[in-house]
>>> print(open('entry_16.txt').read())   # compact mmCIF, C-alpha atoms and all ligand atoms
# COMPACT_ATOMS: atom_id res chain seq x y z
CA MET A 947 0.00 0.00 0.00
CA ASP A 948 2.79 2.39 0.84
CA ARG A 949 6.56 2.01 0.80
CA GLN A 950 7.08 4.33 3.73
CA VAL A 951 8.10 2.88 7.10
CA VAL A 952 6.27 4.28 10.12
CA GLY A 953 8.07 4.57 13.46
CA ILE A 954 5.89 4.60 16.55
CA LEU A 955 7.07 5.98 19.88
CA GLY A 956 5.40 3.70 22.40
CA GLY A 957 4.38 0.07 22.06
CA GLY A 958 1.28 -0.30 24.24
CA GLN A 959 -2.25 -1.20 23.19
CA LEU A 960 -2.65 1.82 20.93
CA GLY A 961 0.55 0.85 19.13
CA ARG A 962 -0.71 -2.73 18.89
CA MET A 963 -3.94 -1.65 17.22
CA LEU A 964 -1.94 0.63 14.88
CA VAL A 965 0.20 -2.40 13.95
CA GLU A 966 -2.98 -4.41 13.27
CA ALA A 967 -4.25 -1.74 10.88
CA ALA A 968 -0.81 -1.31 9.28
CA SER A 969 -0.33 -5.02 8.65
CA ARG A 970 -3.63 -5.17 6.74
CA MET A 971 -2.34 -2.41 4.46
CA ASN A 972 1.19 -3.84 4.09
CA VAL A 973 2.65 -0.84 5.87
CA ARG A 974 5.82 -1.62 7.82
CA VAL A 975 6.01 -0.34 11.39
CA ARG A 976 8.98 -0.02 13.75
CA VAL A 977 8.21 0.33 17.43
CA LEU A 978 10.30 2.12 20.06
CA ASP A 979 9.43 0.91 23.55
CA PRO A 980 11.57 -0.14 26.53
CA THR A 981 9.76 -3.49 26.79
CA ALA A 982 10.88 -6.16 24.32
CA GLN A 983 7.53 -7.97 24.59
CA SER A 984 5.36 -4.84 24.56
CA PRO A 985 1.81 -5.31 23.18
CA ALA A 986 2.66 -3.74 19.79
CA LYS A 987 5.89 -5.69 19.27
CA GLN A 988 4.25 -9.03 20.10
CA ILE A 989 2.18 -8.97 16.94
CA SER A 990 4.75 -7.60 14.52
CA SER A 991 7.84 -9.60 13.62
CA PHE A 992 9.42 -6.74 11.69
CA ALA A 993 12.93 -7.14 13.01
CA GLN A 994 13.86 -3.55 13.60
CA HIS A 995 11.97 -2.65 16.75
CA ILE A 996 14.00 -0.84 19.39
CA ASP A 997 13.97 -1.82 23.07
CA GLU A 998 14.74 1.59 24.60
CA PRO A 999 12.74 4.31 26.38
CA PHE A 1000 10.73 6.58 24.07
CA THR A 1001 12.36 9.48 25.91
CA SER A 1002 15.90 8.46 24.88
CA PRO A 1003 17.46 10.91 22.36
CA GLU A 1004 19.76 8.22 20.91
CA ALA A 1005 16.88 5.78 20.47
CA ILE A 1006 14.63 8.37 18.81
CA HIS A 1007 17.48 9.30 16.52
CA ALA A 1008 18.05 5.63 15.63
CA LEU A 1009 14.32 5.12 15.00
CA ALA A 1010 14.21 8.15 12.69
CA GLU A 1011 17.20 6.85 10.71
CA GLY A 1012 15.23 3.79 9.66
CA CYS A 1013 11.81 5.38 9.14
CA ASP A 1014 10.09 7.82 6.82
CA VAL A 1015 7.52 9.06 9.35
CA LEU A 1016 7.56 9.10 13.14
CA THR A 1017 4.35 9.16 15.15
CA VAL A 1018 3.34 8.57 18.77
CA GLU A 1019 0.92 6.40 20.69
CA ILE A 1020 1.71 8.27 23.90
CA GLU A 1021 2.36 11.99 24.40
CA HIS A 1022 4.96 11.62 27.16
CA VAL A 1023 7.90 11.48 24.75
CA ASN A 1024 11.07 13.49 24.19
CA CYS A 1025 9.83 16.44 22.12
CA ALA A 1026 13.22 18.18 21.93
CA GLU A 1027 14.60 15.15 20.11
CA LEU A 1028 11.54 14.96 17.85
CA ALA A 1029 12.08 18.64 16.99
CA ALA A 1030 15.72 17.83 16.16
CA VAL A 1031 14.54 15.04 13.84
CA GLU A 1032 12.18 17.50 12.12
CA GLU A 1033 14.94 20.04 11.74
CA ALA A 1034 17.46 17.54 10.39
CA GLY A 1035 14.80 16.15 8.05
CA THR A 1036 15.73 12.56 8.94
CA ALA A 1037 12.05 11.64 9.09
CA LYS A 1038 8.74 13.49 9.10
CA VAL A 1039 7.18 13.88 12.54
CA ARG A 1040 3.38 13.68 12.66
CA PRO A 1041 1.83 15.16 14.70
CA SER A 1042 4.55 17.81 14.93
CA ALA A 1043 6.93 18.08 17.87
CA ALA A 1044 5.45 21.51 18.72
CA THR A 1045 1.95 20.05 18.95
CA ILE A 1046 3.01 17.12 21.13
CA ARG A 1047 5.03 19.45 23.39
CA LEU A 1048 2.04 21.74 23.82
CA ILE A 1049 -0.36 18.91 24.60
CA GLN A 1050 1.93 17.01 26.98
CA ASP A 1051 1.84 19.99 29.39
CA LYS A 1052 -1.85 20.10 30.33
CA CYS A 1053 -1.53 23.63 31.73
CA LEU A 1054 0.15 25.05 28.60
CA GLN A 1055 -2.50 23.25 26.56
CA LYS A 1056 -5.29 24.97 28.54
CA GLU A 1057 -3.59 28.36 28.23
CA TYR A 1058 -3.13 27.87 24.49
CA LEU A 1059 -6.75 26.84 23.92
CA ALA A 1060 -8.14 29.62 26.14
CA ALA A 1061 -6.01 32.22 24.31
CA ARG A 1062 -7.65 31.09 21.07
CA GLY A 1063 -11.15 31.52 22.38
CA MET A 1064 -11.87 27.88 23.22
CA ALA A 1065 -14.13 27.30 26.23
CA VAL A 1066 -12.21 25.44 28.96
CA PRO A 1067 -12.86 25.04 32.71
CA ALA A 1068 -11.42 27.91 34.79
CA TYR A 1069 -7.81 27.07 35.67
CA ALA A 1070 -4.78 28.62 37.31
CA ARG A 1071 -1.07 27.94 37.52
CA CYS A 1072 -0.25 26.55 40.89
CA ASP A 1073 3.42 26.41 41.84
CA THR A 1074 3.08 26.96 45.59
CA LEU A 1075 0.79 25.88 48.42
CA GLU A 1076 -0.38 29.50 48.69
CA GLU A 1077 -1.42 29.45 45.04
CA ALA A 1078 -3.28 26.17 45.63
CA ARG A 1079 -5.14 27.80 48.53
CA ALA A 1080 -5.89 30.83 46.37
CA ALA A 1081 -7.30 28.50 43.67
CA GLY A 1082 -9.63 26.94 46.26
CA ALA A 1083 -10.80 30.40 47.33
CA ALA A 1084 -11.35 31.45 43.71
CA PHE A 1085 -12.95 28.27 42.35
CA GLY A 1086 -14.68 26.98 45.48
CA TYR A 1087 -14.77 23.32 46.49
CA PRO A 1088 -14.32 20.76 45.16
CA PHE A 1089 -11.62 21.76 42.71
CA VAL A 1090 -8.98 19.64 41.00
CA LEU A 1091 -5.21 19.80 41.42
CA LYS A 1092 -3.55 18.33 38.35
CA CYS A 1093 -0.01 17.39 37.38
CA ARG A 1094 0.97 19.30 34.27
CA LEU A 1095 3.15 16.51 32.86
CA GLY A 1096 3.04 12.73 32.62
CA ALA A 1097 -0.66 12.35 33.43
CA TYR A 1098 -2.86 9.45 32.35
CA ASP A 1099 -5.92 7.59 33.67
CA GLY A 1100 -6.37 10.28 36.31
CA ARG A 1101 -3.02 9.45 37.94
CA GLY A 1102 -1.75 12.89 38.72
CA ASN A 1103 -5.16 14.37 39.58
CA TYR A 1104 -6.36 15.10 43.11
CA VAL A 1105 -9.87 16.31 43.89
CA VAL A 1106 -9.62 18.84 46.71
CA LYS A 1107 -12.90 18.55 48.60
CA SER A 1108 -12.42 21.29 51.19
CA SER A 1109 -9.91 23.88 52.35
CA GLY A 1110 -8.63 21.30 54.86
CA ASP A 1111 -7.64 19.08 51.92
CA VAL A 1112 -5.43 21.53 50.03
CA GLU A 1113 -2.26 20.75 51.92
CA ASP A 1114 -2.76 16.98 51.56
CA GLY A 1115 -3.35 17.28 47.80
CA PHE A 1116 -0.35 19.49 47.37
CA ALA A 1117 1.82 17.08 49.39
CA ARG A 1118 0.60 13.98 47.53
CA LEU A 1119 1.35 15.48 44.14
CA GLY A 1120 4.40 17.15 45.66
CA GLY A 1121 7.51 17.81 43.65
CA GLN A 1122 5.67 17.90 40.34
CA MET A 1123 4.57 20.89 38.29
CA LEU A 1124 0.89 21.45 39.09
CA TYR A 1125 -2.07 23.55 38.05
CA ALA A 1126 -5.56 23.89 39.44
CA GLU A 1127 -8.88 23.49 37.69
CA GLN A 1128 -12.42 24.35 38.64
CA PHE A 1129 -14.51 21.20 39.16
CA VAL A 1130 -17.02 21.08 36.32
CA PRO A 1131 -20.48 19.83 37.33
CA PHE A 1132 -20.98 17.88 34.14
CA ALA A 1133 -24.09 16.12 32.81
CA LYS A 1134 -21.98 13.91 30.55
CA GLU A 1135 -18.46 13.59 29.24
CA LEU A 1136 -18.22 13.62 25.45
CA ALA A 1137 -15.37 12.86 23.05
CA VAL A 1138 -14.79 13.30 19.34
CA MET A 1139 -11.96 11.94 17.22
CA VAL A 1140 -10.70 14.38 14.61
CA VAL A 1141 -8.24 13.28 11.94
CA ARG A 1142 -6.22 15.64 9.78
CA ARG A 1143 -4.04 15.06 6.73
CA PRO A 1144 -0.95 17.26 6.16
CA GLY A 1145 -2.61 19.22 3.35
CA GLY A 1146 -5.53 20.11 5.61
CA GLN A 1147 -8.16 17.46 4.78
CA VAL A 1148 -10.08 16.88 8.01
CA ALA A 1149 -12.57 14.17 8.97
CA THR A 1150 -14.50 13.80 12.23
CA TYR A 1151 -15.96 10.74 13.89
CA PRO A 1152 -19.35 10.79 15.63
CA VAL A 1153 -19.74 12.34 19.08
CA THR A 1154 -19.39 9.67 21.76
CA GLU A 1155 -20.27 9.62 25.43
CA THR A 1156 -17.52 8.42 27.73
CA VAL A 1157 -18.07 7.18 31.27
CA GLN A 1158 -15.16 7.38 33.69
CA ARG A 1159 -14.93 5.44 36.96
CA ASP A 1160 -12.20 6.62 39.35
CA SER A 1161 -10.92 8.79 36.47
CA ILE A 1162 -10.40 5.77 34.18
CA CYS A 1163 -12.49 5.37 31.06
CA GLU A 1164 -14.88 2.49 31.66
CA LEU A 1165 -17.49 2.75 28.90
CA VAL A 1166 -17.97 4.56 25.62
CA TYR A 1167 -21.29 4.88 23.77
CA ALA A 1168 -21.48 5.77 20.10
CA PRO A 1169 -23.32 7.78 19.07
CA ALA A 1170 -23.79 9.81 22.29
CA GLN A 1171 -27.43 10.10 23.35
CA ILE A 1172 -27.62 13.89 23.12
CA ASP A 1173 -29.83 16.32 21.26
CA GLY A 1174 -28.86 17.72 17.88
CA ARG A 1175 -27.89 21.13 19.29
CA VAL A 1176 -25.40 19.62 21.73
CA ARG A 1177 -24.08 17.31 19.00
CA GLU A 1178 -23.42 20.29 16.73
CA ALA A 1179 -21.78 22.19 19.57
CA ALA A 1180 -19.49 19.27 20.48
CA MET A 1181 -18.50 18.76 16.84
CA LYS A 1182 -17.66 22.43 16.50
CA VAL A 1183 -15.67 22.57 19.74
CA ALA A 1184 -13.68 19.47 18.73
CA THR A 1185 -12.89 20.64 15.18
CA ASP A 1186 -12.05 24.16 16.36
CA ALA A 1187 -9.77 22.79 19.10
CA VAL A 1188 -7.83 20.60 16.66
CA GLY A 1189 -7.93 23.34 14.03
CA CYS A 1190 -6.09 25.78 16.26
CA LEU A 1191 -3.18 23.45 17.07
CA PRO A 1192 0.23 24.65 15.83
CA ASP A 1193 1.44 24.20 12.26
CA GLY A 1194 -1.58 22.29 10.90
CA SER A 1195 -0.38 19.13 12.59
CA ALA A 1196 -1.33 15.82 10.94
CA GLY A 1197 -2.66 12.69 12.58
CA ILE A 1198 -5.64 11.74 14.70
CA PHE A 1199 -6.66 13.62 17.85
CA GLY A 1200 -9.07 12.68 20.63
CA VAL A 1201 -10.89 15.69 22.07
CA GLU A 1202 -12.30 15.10 25.56
CA MET A 1203 -15.12 17.45 26.55
CA PHE A 1204 -17.51 18.16 29.40
CA LEU A 1205 -21.18 18.81 28.73
CA HIS A 1206 -22.04 21.11 31.64
CA GLU A 1207 -25.09 20.24 33.71
CA ASP A 1208 -26.75 23.33 32.23
CA GLY A 1209 -27.28 21.02 29.24
CA ARG A 1210 -25.74 23.39 26.64
CA THR A 1211 -22.19 24.48 27.53
CA VAL A 1212 -19.45 22.30 26.06
CA LEU A 1213 -15.95 22.75 27.54
CA VAL A 1214 -12.69 21.15 26.38
CA ASN A 1215 -11.12 18.92 29.02
CA GLU A 1216 -8.04 17.88 27.07
CA ILE A 1217 -6.78 16.76 23.69
CA ALA A 1218 -4.84 13.56 22.99
CA PRO A 1219 -2.47 13.79 19.98
CA ARG A 1220 -2.96 10.12 19.02
CA PRO A 1221 -5.57 7.36 18.81
CA HIS A 1222 -7.72 7.49 21.92
CA ASN A 1223 -9.67 5.10 24.11
CA SER A 1224 -12.93 6.80 23.09
CA GLY A 1225 -12.22 5.74 19.48
CA HIS A 1226 -11.64 2.00 19.95
CA TYR A 1227 -15.25 1.29 18.96
CA THR A 1228 -14.42 2.55 15.44
CA ILE A 1229 -12.66 -0.76 14.62
CA GLU A 1230 -15.98 -2.62 14.49
CA ALA A 1231 -18.50 0.21 14.22
CA CYS A 1232 -17.13 2.66 11.63
CA CYS A 1233 -16.23 2.30 7.96
CA THR A 1234 -12.58 3.18 8.69
CA SER A 1235 -11.10 2.75 12.17
CA GLN A 1236 -9.28 5.51 14.05
CA PHE A 1237 -6.09 3.44 13.75
CA GLU A 1238 -6.25 3.09 9.98
CA ASN A 1239 -7.13 6.76 9.59
CA HIS A 1240 -4.23 7.81 11.80
CA LEU A 1241 -1.88 5.83 9.56
CA ARG A 1242 -3.47 7.28 6.44
CA ALA A 1243 -3.06 10.79 7.88
CA VAL A 1244 0.61 10.43 8.84
CA LEU A 1245 1.38 8.75 5.49
CA ASP A 1246 -0.50 11.53 3.68
CA LEU A 1247 -2.95 9.10 2.07
CA PRO A 1248 -6.63 9.96 1.48
CA LEU A 1249 -8.67 9.70 4.69
CA GLY A 1250 -11.32 6.99 5.01
CA ASP A 1251 -15.03 7.25 5.75
CA THR A 1252 -15.53 8.00 9.45
CA SER A 1253 -19.26 7.29 9.58
CA LEU A 1254 -20.90 4.61 11.72
CA LYS A 1255 -21.88 1.48 9.82
CA VAL A 1256 -24.10 0.24 12.66
CA PRO A 1257 -26.91 2.09 14.47
CA ALA A 1258 -25.34 1.79 17.94
CA ALA A 1259 -22.05 0.71 19.52
CA ALA A 1260 -20.42 0.57 22.92
CA MET A 1261 -16.93 -0.11 24.18
CA ILE A 1262 -16.33 -1.68 27.56
CA ASN A 1263 -12.81 -1.42 28.97
CA VAL A 1264 -11.44 -4.56 30.62
CA ILE A 1265 -9.46 -3.31 33.57
CA GLY A 1266 -7.32 -5.32 35.98
CA GLY A 1267 -8.93 -5.89 39.38
CA ALA A 1268 -7.86 -7.14 42.79
CA ASP A 1269 -8.19 -10.78 41.71
CA GLY A 1270 -5.77 -10.52 38.82
CA TYR A 1271 -6.49 -12.30 35.59
CA SER A 1272 -9.94 -13.68 36.45
CA SER A 1273 -11.29 -10.12 36.58
CA VAL A 1274 -10.01 -9.79 33.04
CA LEU A 1275 -11.20 -13.10 31.65
CA ASP A 1276 -14.71 -13.16 33.19
CA PRO A 1277 -16.16 -10.32 31.05
CA CYS A 1278 -14.25 -11.56 28.00
CA LEU A 1279 -15.66 -15.08 28.37
CA ALA A 1280 -19.15 -13.68 28.99
CA SER A 1281 -18.92 -11.66 25.77
CA LEU A 1282 -18.34 -14.76 23.66
CA ASP A 1283 -22.05 -15.57 23.95
CA VAL A 1284 -23.22 -12.04 23.22
CA PRO A 1285 -24.18 -11.24 19.63
CA GLY A 1286 -22.30 -8.25 18.23
CA ALA A 1287 -19.47 -8.44 20.79
CA THR A 1288 -15.75 -8.49 19.87
CA VAL A 1289 -12.98 -9.05 22.40
CA HIS A 1290 -9.61 -7.31 22.23
CA LEU A 1291 -6.95 -8.43 24.71
CA TYR A 1292 -3.69 -6.52 24.66
CA GLY A 1293 -1.22 -9.25 25.63
CA LYS A 1294 -0.19 -7.67 28.94
CA ALA A 1295 1.15 -10.34 31.25
CA ASP A 1296 0.43 -8.62 34.53
CA ALA A 1297 -3.23 -7.87 35.38
CA LYS A 1298 -2.47 -5.13 37.91
CA PRO A 1299 -5.42 -3.25 39.44
CA ALA A 1300 -6.49 -0.23 37.34
CA ARG A 1301 -4.43 -1.39 34.35
CA LYS A 1302 -6.16 -1.42 30.96
CA MET A 1303 -5.88 -5.06 29.84
CA GLY A 1304 -8.28 -5.12 26.92
CA HIS A 1305 -11.66 -3.96 25.72
CA ILE A 1306 -14.88 -5.36 24.30
CA THR A 1307 -16.81 -3.65 21.54
CA VAL A 1308 -20.53 -4.32 21.18
CA VAL A 1309 -22.55 -3.34 18.13
CA ALA A 1310 -26.34 -3.41 17.91
CA ASP A 1311 -29.37 -2.46 15.82
CA SER A 1312 -30.77 -0.07 18.43
CA ALA A 1313 -29.88 1.67 21.69
CA LEU A 1314 -32.17 -0.72 23.55
CA GLN A 1315 -30.55 -3.82 22.06
CA LEU A 1316 -27.13 -2.32 22.82
CA ARG A 1317 -28.07 -1.78 26.46
CA ARG A 1318 -29.28 -5.40 26.78
CA ARG A 1319 -26.07 -6.70 25.24
CA THR A 1320 -23.68 -4.54 27.26
CA ASP A 1321 -25.53 -5.39 30.49
CA LEU A 1322 -24.75 -9.08 29.91
CA ILE A 1323 -21.04 -8.26 29.89
CA ALA A 1324 -20.88 -5.38 32.36
CA GLY A 1325 -22.30 -7.64 35.08
CA LYS A 1326 -19.11 -9.69 34.87
CA LEU A 1327 -16.77 -6.75 35.34
CA ALA A 1328 -14.63 -6.93 38.47
CA ASN A 1329 -15.72 -3.52 39.71
CA ALA A 1330 -19.38 -3.81 38.68
CA SER A 1331 -20.51 -4.52 42.23
CA ASP A 1332 -19.08 -1.29 43.72
P1 LIG B 1401 -6.40 10.55 30.38
O1 LIG B 1401 -6.17 9.09 30.67
O2 LIG B 1401 -7.73 10.84 29.72
O3 LIG B 1401 -5.25 11.25 29.72
P2 LIG B 1401 -5.79 12.28 32.64
O4 LIG B 1401 -4.97 11.60 33.65
O5 LIG B 1401 -5.13 13.26 31.72
O6 LIG B 1401 -6.62 11.19 31.84
P3 LIG B 1401 -8.09 14.03 33.05
O7 LIG B 1401 -8.64 13.81 31.72
O8 LIG B 1401 -7.61 15.39 33.42
O9 LIG B 1401 -6.95 12.99 33.45
O10 LIG B 1401 -9.17 13.61 34.16
C1 LIG B 1401 -9.66 12.29 34.25
C2 LIG B 1401 -11.14 12.33 34.59
O11 LIG B 1401 -11.33 13.03 35.84
C3 LIG B 1401 -12.00 13.09 33.58
O12 LIG B 1401 -12.34 12.29 32.47
C4 LIG B 1401 -13.19 13.46 34.47
O13 LIG B 1401 -14.02 12.33 34.68
C5 LIG B 1401 -12.52 13.82 35.77
N1 LIG B 1401 -12.15 15.27 35.77
C6 LIG B 1401 -10.97 15.79 35.36
N2 LIG B 1401 -10.97 17.13 35.45
C7 LIG B 1401 -12.19 17.48 35.92
C8 LIG B 1401 -12.82 18.74 36.22
N3 LIG B 1401 -12.17 19.89 36.09
N4 LIG B 1401 -14.09 18.71 36.66
C9 LIG B 1401 -14.76 17.53 36.82
N5 LIG B 1401 -14.22 16.32 36.57
C10 LIG B 1401 -12.95 16.29 36.12
MG MG B 1402 -4.72 13.10 29.74
MG MG B 1403 -8.43 12.71 30.10
>>> encode(input="entry_16.txt", output="structure tokens", more="lines below")
Ligand code: ATP
Ligand code: MG
Ligand code: MG
Amino acid sequence: MDRQVVGILGGGQLGRMLVEAASRMNVRVRVLDPTAQSPAKQISSFAQHIDEPFTSPEAIHALAEGCDVLTVEIEHVNCAELAAVEEAGTAKVRPSAATIRLIQDKCLQKEYLAARGMAVPAYARCDTLEEARAAGAAFGYPFVLKCRLGAYDGRGNYVVKSSGDVEDGFARLGGQMLYAEQFVPFAKELAVMVVRRPGGQVATYPVTETVQRDSICELVYAPAQIDGRVREAAMKVATDAVGCLPDGSAGIFGVEMFLHEDGRTVLVNEIAPRPHNSGHYTIEACCTSQFENHLRAVLDLPLGDTSLKVPAAAMINVIGGADGYSSVLDPCLASLDVPGATVHLYGKADAKPARKMGHITVVADSALQLRRRTDLIAGKLANASD
């Protein structure tokens, strides 16, 4: 399909699903990840994977030497080295180093979006305990203290419930660069995947509803059950947010949003510069998956049809629980009897609590049928009884 070799920084489940899509199109992929048996490397025997951290300048340089395009499946990478690759012209970097750098610092990202007129929750830089107290006084309680860098699955967030909690939050996240955010009383969380080709062609996936438990994505429904006005608003917020990123960056982006409990205001929570958990359902439910479209975008190939090919879909994350692998296998085994269900397991050996081990997509002819089918599986989830 394309002679270019794609280098991916990161070899987790997103990399694995990129490899799946690439192999179908005969696109060769090299993976940079410290783990030799990482999920993405397990399913690709292309000999030139690199077993080094995706923050290592030497390793990024070596990856670029053997690739035409570099991309990421995680934003916590070495952007200075990616910028050096761009400058030297060793390989193309998509999305650009400037975009990844901006997004990986959640506070800079908020400042950037707010400066361009995007609606975001009220936020404030927060370098000292005094500033954290001031944020509590300004925003009221609860508010959220967040690590600026290295965050995922809510690790790095602390909900400050009262003024007596500020010191504890600050101490727990201590030593890291922080910022504070107003707690948004949301009716729903929404997400939209937006994919952009270097020349500017843009395609958007349907608006989804995401459900987080303990800050980890647990369920995604596509399409979101929202009225047309909110759907339009979420689509516009997502395309505007991606549209204002630096230098017309190419690739796929996941835009996480809050629908305020007022039922109309849509705020950007954050953007992911890569395939996103809210887009896993696209493998079974859309004409072209988020993974294939990300590859098409970074290879500068025409983008595929992003529309749903089924009336309703859901994605259930399979997350490690206290009882190890049985908490993973129970919902997967249950799904084998459920029409429209597809299991994805990521090949992670260790089923640690709160670790994303796999997911199950369910497609259906109606929202009601979808609910019946997901209920059969959700009842088997380790944390379903909480
Ligand atoms: P991800 O894995 O999506 O990168 P993250 O670690 O960057 O997660 P956030 O997206 O900031 O974390 O927050 C995780 C979840 O916590 C959100 O999806 C939402 O459920 C809740 N949350 C975060 N910020 C706020 C807020 N300001 N108001 C209300 N809830 C919030
Ligand atoms: Mg995040
Ligand atoms: Mg998030």
>>> closest_atom_pairs(input="entry_16.txt", of="chain A", to="ligand MG 1402 (chain B)", cutoff="7 Å", atoms="only C-alpha atoms and all ligand atoms", output="CSV")
residue,atom,partner,partner_atom,distance
A:Ala1097,CA,B:MG1402,MG,5.5
A:Tyr1098,CA,B:MG1402,MG,4.9
A:Asp1099,CA,B:MG1402,MG,6.9
A:Glu1216,CA,B:MG1402,MG,6.4
A:Ala1218,CA,B:MG1402,MG,6.8
>>> residues_around(input="entry_16.txt", residues="Lys1056 of chain A", least_positions_apart="2", cutoff="12 Å", atoms="only C-alpha atoms", output="NGL selection string")
:A and (1048-1054 or 1058-1071 or 1092 or 1094 or 1125-1127 or 1187 or 1191 or 1213-1217)
>>> closest_residue(input="entry_16.txt", among="A:Ile954, A:Ala1026, A:Met971, A:Val1105", to="ligand LIG 1401 (chain B)", atoms="all atoms listed in the file")
A:Val1105
>>> closest_residue(input="entry_16.txt", among="A:Lys1038, A:Arg1143, A:Lys987, A:Lys1134", to="Glu966 of chain A", atoms="only C-alpha atoms")
A:Lys987
>>> atom_distance(input="entry_16.txt", atom1="atom CA of Thr1252 of chain A", atom2="atom CA of Cys1232 of chain A")
6.0 Å
